[in-house]
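Enquirer: model_35.txt (compact mmCIF, C-alpha atoms and all ligand atoms) pasted underneath:
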# COMPACT_ATOMS: atom_id res chain seq x y z
CA MET A 2 66.36 -74.95 -77.04
CA PRO A 3 62.80 -75.17 -75.66
CA ALA A 4 60.78 -78.35 -76.19
CA ARG A 5 58.00 -78.25 -78.77
CA LEU A 6 55.17 -78.56 -76.19
CA GLU A 7 56.44 -75.90 -73.82
CA PRO A 8 54.64 -72.56 -74.12
CA GLU A 9 56.65 -69.75 -75.47
CA PRO A 10 57.77 -67.38 -72.75
CA VAL A 11 55.80 -64.11 -72.68
CA SER A 12 57.94 -61.08 -72.99
CA ARG A 13 57.57 -58.24 -70.50
CA ARG A 14 56.34 -55.95 -73.25
CA ASP A 15 53.61 -58.44 -74.22
CA LEU A 16 52.58 -58.92 -70.60
CA LEU A 17 52.21 -55.18 -70.06
CA GLY A 18 50.29 -54.81 -73.30
CA LEU A 19 47.92 -57.64 -72.41
CA SER A 20 47.27 -56.35 -68.91
CA GLY A 21 46.59 -52.88 -70.32
CA LEU A 22 44.14 -54.39 -72.77
CA TRP A 23 42.34 -56.34 -70.03
CA MET A 24 42.17 -53.28 -67.76
CA THR A 25 40.72 -51.20 -70.57
CA ALA A 26 38.13 -53.89 -71.28
CA ALA A 27 37.22 -54.07 -67.57
CA ALA A 28 36.83 -50.28 -67.41
CA VAL A 29 34.58 -50.25 -70.47
CA VAL A 30 32.40 -53.09 -69.15
CA GLY A 31 32.22 -51.50 -65.69
CA SER A 32 31.18 -48.13 -67.04
CA MET A 33 28.58 -49.74 -69.30
CA LEU A 34 27.08 -51.57 -66.30
CA GLY A 35 27.07 -48.30 -64.38
CA ALA A 36 25.33 -46.54 -67.27
CA LEU A 37 22.63 -49.22 -67.29
CA LYS A 38 21.83 -48.42 -63.66
CA LEU A 39 21.35 -44.70 -64.30
CA PRO A 40 17.65 -44.84 -65.19
CA MET A 41 16.84 -46.60 -61.89
CA PRO A 42 16.16 -44.34 -58.89
CA ARG A 43 18.78 -44.59 -56.16
CA VAL A 44 16.77 -42.87 -53.44
CA LEU A 45 13.30 -43.46 -52.11
CA PRO A 46 10.75 -40.86 -53.11
CA GLU A 47 9.97 -38.31 -50.46
CA ALA A 48 6.85 -38.92 -48.46
CA GLY A 49 4.02 -36.66 -49.51
CA ALA A 50 3.96 -33.15 -48.15
CA ARG A 51 0.21 -33.38 -47.47
CA PHE A 52 -0.98 -35.97 -45.02
CA ARG A 53 -3.97 -36.71 -42.84
CA ILE A 54 -3.68 -36.20 -39.11
CA GLY A 55 -7.08 -37.54 -38.10
CA SER A 56 -10.68 -36.48 -37.89
CA PRO A 57 -11.69 -33.25 -36.15
CA GLY A 58 -13.17 -35.29 -33.30
CA ASP A 59 -9.69 -36.62 -32.49
CA PHE A 60 -8.58 -33.21 -31.29
CA VAL A 61 -9.83 -32.02 -27.94
CA PRO A 62 -9.33 -28.33 -27.07
CA GLY A 63 -6.43 -27.88 -24.68
CA THR A 64 -4.45 -30.85 -25.98
CA GLU A 65 -1.61 -31.37 -28.39
CA GLN A 66 -0.08 -34.32 -30.20
CA VAL A 67 3.46 -34.67 -31.43
CA ILE A 68 3.60 -36.55 -34.72
CA LYS A 69 7.21 -37.69 -34.61
CA ASP A 70 7.54 -39.17 -38.08
CA ARG A 71 6.44 -35.84 -39.55
CA ASN A 72 8.21 -33.61 -37.02
CA ILE A 73 5.18 -31.53 -36.19
CA VAL A 74 3.09 -30.79 -33.15
CA VAL A 75 -0.65 -30.50 -33.65
CA ARG A 76 -2.24 -28.21 -31.13
CA CYS A 77 -5.91 -27.80 -30.42
CA THR A 78 -7.50 -24.89 -28.62
CA GLU A 79 -10.95 -23.34 -28.51
CA GLN A 80 -9.85 -21.36 -31.58
CA GLY A 81 -9.22 -24.49 -33.63
CA VAL A 82 -6.40 -26.76 -34.71
CA ALA A 83 -2.90 -25.68 -35.71
CA ALA A 84 0.20 -27.55 -36.81
CA VAL A 85 3.66 -26.26 -35.92
CA SER A 86 6.82 -27.67 -37.45
CA LEU A 87 9.43 -28.91 -35.00
CA VAL A 88 12.24 -28.41 -37.53
CA CYS A 89 14.55 -25.80 -36.08
CA THR A 90 14.96 -22.76 -38.28
CA HIS A 91 18.68 -22.58 -37.52
CA LEU A 92 20.11 -25.71 -39.13
CA GLY A 93 17.21 -28.10 -39.20
CA CYS A 94 17.51 -30.17 -36.04
CA ILE A 95 14.31 -31.34 -34.42
CA ALA A 96 13.14 -29.28 -31.49
CA THR A 97 11.48 -30.94 -28.55
CA ARG A 98 8.85 -29.77 -26.13
CA SER A 99 10.09 -27.99 -23.03
CA PRO A 100 8.07 -26.65 -20.12
CA ASP A 101 8.01 -23.13 -21.55
CA GLY A 102 7.89 -23.93 -25.28
CA PHE A 103 10.33 -25.76 -27.48
CA HIS A 104 14.06 -26.39 -27.24
CA CYS A 105 16.51 -27.34 -29.95
CA PRO A 106 19.16 -29.76 -28.67
CA CYS A 107 21.74 -28.96 -31.34
CA HIS A 108 22.76 -25.36 -30.62
CA GLY A 109 20.38 -24.43 -27.86
CA SER A 110 17.74 -22.33 -29.59
CA LYS A 111 14.69 -21.77 -27.48
CA PHE A 112 11.23 -21.13 -28.80
CA GLY A 113 8.22 -19.91 -26.94
CA ASP A 114 4.91 -21.68 -26.68
CA ARG A 115 3.81 -20.23 -30.03
CA GLY A 116 7.13 -21.14 -31.67
CA GLU A 117 8.59 -17.65 -31.47
CA VAL A 118 12.34 -17.33 -30.87
CA ILE A 119 13.23 -16.50 -27.28
CA GLY A 120 16.90 -17.45 -27.40
CA GLY A 121 19.72 -19.01 -29.35
CA PRO A 122 20.91 -18.81 -32.92
CA ALA A 123 17.62 -19.58 -34.68
CA PRO A 124 16.88 -16.67 -37.04
CA ARG A 125 13.11 -17.03 -36.87
CA GLY A 126 10.35 -18.86 -35.13
CA LEU A 127 9.07 -22.34 -35.82
CA ARG A 128 6.91 -22.58 -38.94
CA TRP A 129 3.17 -22.82 -38.62
CA LEU A 130 1.75 -25.10 -41.28
CA GLN A 131 -1.47 -25.02 -43.20
CA VAL A 132 -4.24 -27.21 -41.86
CA SER A 133 -7.22 -27.96 -44.07
CA ARG A 134 -9.91 -30.54 -44.48
CA ALA A 135 -9.84 -33.42 -46.97
CA ALA A 136 -12.86 -34.52 -48.98
CA ASP A 137 -13.55 -37.28 -46.46
CA GLY A 138 -13.67 -34.74 -43.62
CA SER A 139 -10.34 -35.59 -42.03
CA LEU A 140 -7.81 -32.88 -41.23
CA VAL A 141 -4.81 -32.50 -43.50
CA VAL A 142 -1.47 -30.79 -42.85
CA ASP A 143 0.64 -29.48 -45.71
CA LEU A 144 4.34 -29.38 -44.85
CA LYS A 145 5.08 -27.09 -47.79
CA ARG A 146 2.55 -24.39 -46.96
CA GLU A 147 3.45 -22.07 -44.18
CA VAL A 148 0.85 -19.85 -42.56
CA LYS A 149 1.20 -16.92 -40.19
CA PRO A 150 1.65 -17.79 -36.54
CA ASP A 151 -1.65 -18.00 -34.66
CA THR A 152 -3.53 -19.23 -37.69
CA TRP A 153 -6.02 -21.72 -36.28
CA TYR A 154 -8.20 -23.93 -38.42
CA ALA A 155 -11.69 -23.89 -36.95
CA VAL A 156 -13.13 -27.39 -36.63
S1 LIG B 201 19.79 -26.43 -35.36
FE1 LIG B 201 18.57 -25.71 -33.77
S2 LIG B 201 19.80 -24.31 -32.78
FE2 LIG B 201 21.01 -24.99 -34.39
What would you get if you wrote out this structure as structure tokens?
Expert:
Amino acid sequence: MPARLEPEPVSRRDLLGLSGLWMTAAAVVGSMLGALKLPMPRVLPEAGARFRIGSPGDFVPGTEQVIKDRNIVVRCTEQGVAAVSLVCTHLGCIATRSPDGFHCPCHGSKFGDRGEVIGGPAPRGLRWLQVSRAADGSLVVDLKREVKPDTWYAV
């Protein structure tokens, strides 16, 4: 006969019932905490599609600048300024400058000096992007607006 102060032994059935109850409570609390986090954004907002690249005086005819964080090359000729996307039209890798144009390191697409396809799996040439002028006079590139190749913005 057990002593009066000894706890009663827990039966297996009670133990399983209690653990099921605790697991259910933990699942409910966990899902409620997860639901509270839903209104908060989990990703950073995308950087704006339109951005300034500098003033017209920054671009000397016959030069080009690669803007790495935007994956574009800004070219300047006597005709004006143009921005060409370096995002490969095959699967989106970033093309780099090569002596005769651009080269994609992922699957070997080659693009000519104007971004036209000269080899590899890329289905089309590199995208030319719209260049315009902001109210303060600086040049602006819009990543979401494609223009025809050889569209130069006169500065
Ligand atoms: S992503 Fe450029 S060739 Fe495939």
Enquirer: Could you report the residues within 8 Å of ligand LIG 201 (chain B), using all atoms listed in the file, as a ChimeraX atom specification?
Expert: /A:88-96,104-111,121-123
Enquirer: For CA of Val156 (chain A) and CA of Phe112 (chain A), quote the distance in Å rounded to one decimal.
Expert: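 Between these atoms lies a distance of 26.3 Å.
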Enquirer: Work out how far CA of Gly116 (chain A) is from CA of Val132 (chain A), in Å to one decimal.
Expert: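 So the answer is 16.4 Å.
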Enquirer: Between CA of Gly138 (chain A) and CA of Gly63 (chain A), what is the distance in Å, rounded to a tenth?
Expert: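 Going from CA of Gly138 (chain A) over to CA of Gly63 (chain A), I get 21.4 Å.
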Enquirer: Just checking: using all atoms listed in the file, which residue out of A:Ala136, A:Val74, A:Leu22, A:Val82 ends up closest to Gly102 (chain A)?
Expert: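 Among the listed residues, A:Val74 lies closest to Gly102 (chain A).
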Enquirer: Which residues are close to Asp151 (chain A), i.e. within 8 Å by all atoms listed in the file, leaving aside same-chain residues fewer than 2 positions away? Reply as JSON, numbers by chain.
Expert: {"A": [83, 115, 129, 149, 153]}
Enquirer: For each of A:Asp114, A:Glu7, A:Glu79, A:Asp101, take the minimum atom-to-atom distance to Tyr154 (chain A), counting all atoms listed in the file, then give the residue where this is smallest.
Expert: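 Distance minimum relative to Tyr154 (chain A) lands on A:Glu79.
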Enquirer: Within 6 Å of region 66-73 of chain A, counting only C-alpha atoms, which residues qualify if same-chain residues fewer than 6 places away don't, as a list in words?
Expert: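 Close residues of region 66-73 of chain A: Val85, Ser86 and Leu87 of chain A.
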Enquirer: Mind rebuilding region 77-88 of chain A with all heavy atoms and writing that out as a PDB file, in the frame of the given file?
Expert:
ATOM      1  N   CYS A  77      -4.485 -28.061 -30.321  1.00  0.00           N
ATOM      2  CA  CYS A  77      -5.910 -27.800 -30.420  1.00  0.00           C
ATOM      3  C   CYS A  77      -6.322 -26.890 -29.275  1.00  0.00           C
ATOM      4  O   CYS A  77      -6.010 -27.165 -28.111  1.00  0.00           O
ATOM      5  CB  CYS A  77      -6.674 -29.122 -30.380  1.00  0.00           C
ATOM      6  SG  CYS A  77      -8.428 -28.914 -30.652  1.00  0.00           S
ATOM      7  N   THR A  78      -6.970 -25.813 -29.626  1.00  0.00           N
ATOM      8  CA  THR A  78      -7.500 -24.890 -28.620  1.00  0.00           C
ATOM      9  C   THR A  78      -8.964 -24.618 -28.962  1.00  0.00           C
ATOM     10  O   THR A  78      -9.500 -25.167 -29.934  1.00  0.00           O
ATOM     11  CB  THR A  78      -6.724 -23.555 -28.624  1.00  0.00           C
ATOM     12  OG1 THR A  78      -6.974 -22.896 -29.868  1.00  0.00           O
ATOM     13  CG2 THR A  78      -5.229 -23.770 -28.441  1.00  0.00           C
ATOM     14  N   GLU A  79      -9.563 -23.737 -28.201  1.00  0.00           N
ATOM     15  CA  GLU A  79     -10.950 -23.340 -28.510  1.00  0.00           C
ATOM     16  C   GLU A  79     -11.009 -22.637 -29.868  1.00  0.00           C
ATOM     17  O   GLU A  79     -12.050 -22.624 -30.510  1.00  0.00           O
ATOM     18  CB  GLU A  79     -11.481 -22.421 -27.410  1.00  0.00           C
ATOM     19  CG  GLU A  79     -11.612 -23.088 -26.046  1.00  0.00           C
ATOM     20  CD  GLU A  79     -12.652 -24.202 -26.022  1.00  0.00           C
ATOM     21  OE1 GLU A  79     -13.539 -24.208 -26.881  1.00  0.00           O
ATOM     22  OE2 GLU A  79     -12.534 -25.074 -25.135  1.00  0.00           O
ATOM     23  N   GLN A  80      -9.883 -22.063 -30.296  1.00  0.00           N
ATOM     24  CA  GLN A  80      -9.850 -21.360 -31.580  1.00  0.00           C
ATOM     25  C   GLN A  80      -9.795 -22.316 -32.776  1.00  0.00           C
ATOM     26  O   GLN A  80     -10.113 -21.933 -33.885  1.00  0.00           O
ATOM     27  CB  GLN A  80      -8.639 -20.426 -31.640  1.00  0.00           C
ATOM     28  CG  GLN A  80      -8.660 -19.333 -30.593  1.00  0.00           C
ATOM     29  CD  GLN A  80      -7.308 -18.665 -30.500  1.00  0.00           C
ATOM     30  OE1 GLN A  80      -6.395 -19.187 -29.872  1.00  0.00           O
ATOM     31  NE2 GLN A  80      -7.191 -17.531 -31.167  1.00  0.00           N
ATOM     32  N   GLY A  81      -9.329 -23.519 -32.549  1.00  0.00           N
ATOM     33  CA  GLY A  81      -9.220 -24.490 -33.630  1.00  0.00           C
ATOM     34  C   GLY A  81      -7.972 -25.338 -33.515  1.00  0.00           C
ATOM     35  O   GLY A  81      -7.393 -25.475 -32.434  1.00  0.00           O
ATOM     36  N   VAL A  82      -7.559 -25.867 -34.656  1.00  0.00           N
ATOM     37  CA  VAL A  82      -6.400 -26.760 -34.710  1.00  0.00           C
ATOM     38  C   VAL A  82      -5.281 -26.059 -35.478  1.00  0.00           C
ATOM     39  O   VAL A  82      -5.539 -25.354 -36.452  1.00  0.00           O
ATOM     40  CB  VAL A  82      -6.776 -28.085 -35.423  1.00  0.00           C
ATOM     41  CG1 VAL A  82      -5.559 -28.968 -35.622  1.00  0.00           C
ATOM     42  CG2 VAL A  82      -7.837 -28.823 -34.630  1.00  0.00           C
ATOM     43  N   ALA A  83      -4.054 -26.245 -35.011  1.00  0.00           N
ATOM     44  CA  ALA A  83      -2.900 -25.680 -35.710  1.00  0.00           C
ATOM     45  C   ALA A  83      -1.783 -26.715 -35.700  1.00  0.00           C
ATOM     46  O   ALA A  83      -1.686 -27.543 -34.790  1.00  0.00           O
ATOM     47  CB  ALA A  83      -2.422 -24.399 -35.031  1.00  0.00           C
ATOM     48  N   ALA A  84      -0.960 -26.660 -36.726  1.00  0.00           N
ATOM     49  CA  ALA A  84       0.200 -27.550 -36.810  1.00  0.00           C
ATOM     50  C   ALA A  84       1.456 -26.685 -36.844  1.00  0.00           C
ATOM     51  O   ALA A  84       1.542 -25.734 -37.622  1.00  0.00           O
ATOM     52  CB  ALA A  84       0.126 -28.412 -38.065  1.00  0.00           C
ATOM     53  N   VAL A  85       2.406 -27.011 -35.994  1.00  0.00           N
ATOM     54  CA  VAL A  85       3.660 -26.260 -35.920  1.00  0.00           C
ATOM     55  C   VAL A  85       4.801 -27.231 -36.202  1.00  0.00           C
ATOM     56  O   VAL A  85       4.869 -28.315 -35.615  1.00  0.00           O
ATOM     57  CB  VAL A  85       3.841 -25.613 -34.527  1.00  0.00           C
ATOM     58  CG1 VAL A  85       5.164 -24.862 -34.450  1.00  0.00           C
ATOM     59  CG2 VAL A  85       2.673 -24.693 -34.207  1.00  0.00           C
ATOM     60  N   SER A  86       5.669 -26.833 -37.106  1.00  0.00           N
ATOM     61  CA  SER A  86       6.820 -27.670 -37.450  1.00  0.00           C
ATOM     62  C   SER A  86       7.819 -27.663 -36.293  1.00  0.00           C
ATOM     63  O   SER A  86       8.082 -26.626 -35.686  1.00  0.00           O
ATOM     64  CB  SER A  86       7.497 -27.122 -38.706  1.00  0.00           C
ATOM     65  OG  SER A  86       8.717 -27.801 -38.926  1.00  0.00           O
ATOM     66  N   LEU A  87       8.399 -28.817 -36.031  1.00  0.00           N
ATOM     67  CA  LEU A  87       9.430 -28.910 -35.000  1.00  0.00           C
ATOM     68  C   LEU A  87      10.836 -28.806 -35.589  1.00  0.00           C
ATOM     69  O   LEU A  87      11.820 -28.961 -34.887  1.00  0.00           O
ATOM     70  CB  LEU A  87       9.285 -30.238 -34.239  1.00  0.00           C
ATOM     71  CG  LEU A  87       8.002 -30.367 -33.408  1.00  0.00           C
ATOM     72  CD1 LEU A  87       7.897 -31.760 -32.819  1.00  0.00           C
ATOM     73  CD2 LEU A  87       7.982 -29.318 -32.303  1.00  0.00           C
ATOM     74  N   VAL A  88      10.923 -28.541 -36.878  1.00  0.00           N
ATOM     75  CA  VAL A  88      12.240 -28.410 -37.530  1.00  0.00           C
ATOM     76  C   VAL A  88      12.803 -27.037 -37.184  1.00  0.00           C
ATOM     77  O   VAL A  88      12.220 -26.004 -37.519  1.00  0.00           O
ATOM     78  CB  VAL A  88      12.117 -28.593 -39.047  1.00  0.00           C
ATOM     79  CG1 VAL A  88      13.474 -28.394 -39.713  1.00  0.00           C
ATOM     80  CG2 VAL A  88      11.561 -29.969 -39.376  1.00  0.00           C
TER      81      VAL A  88
END
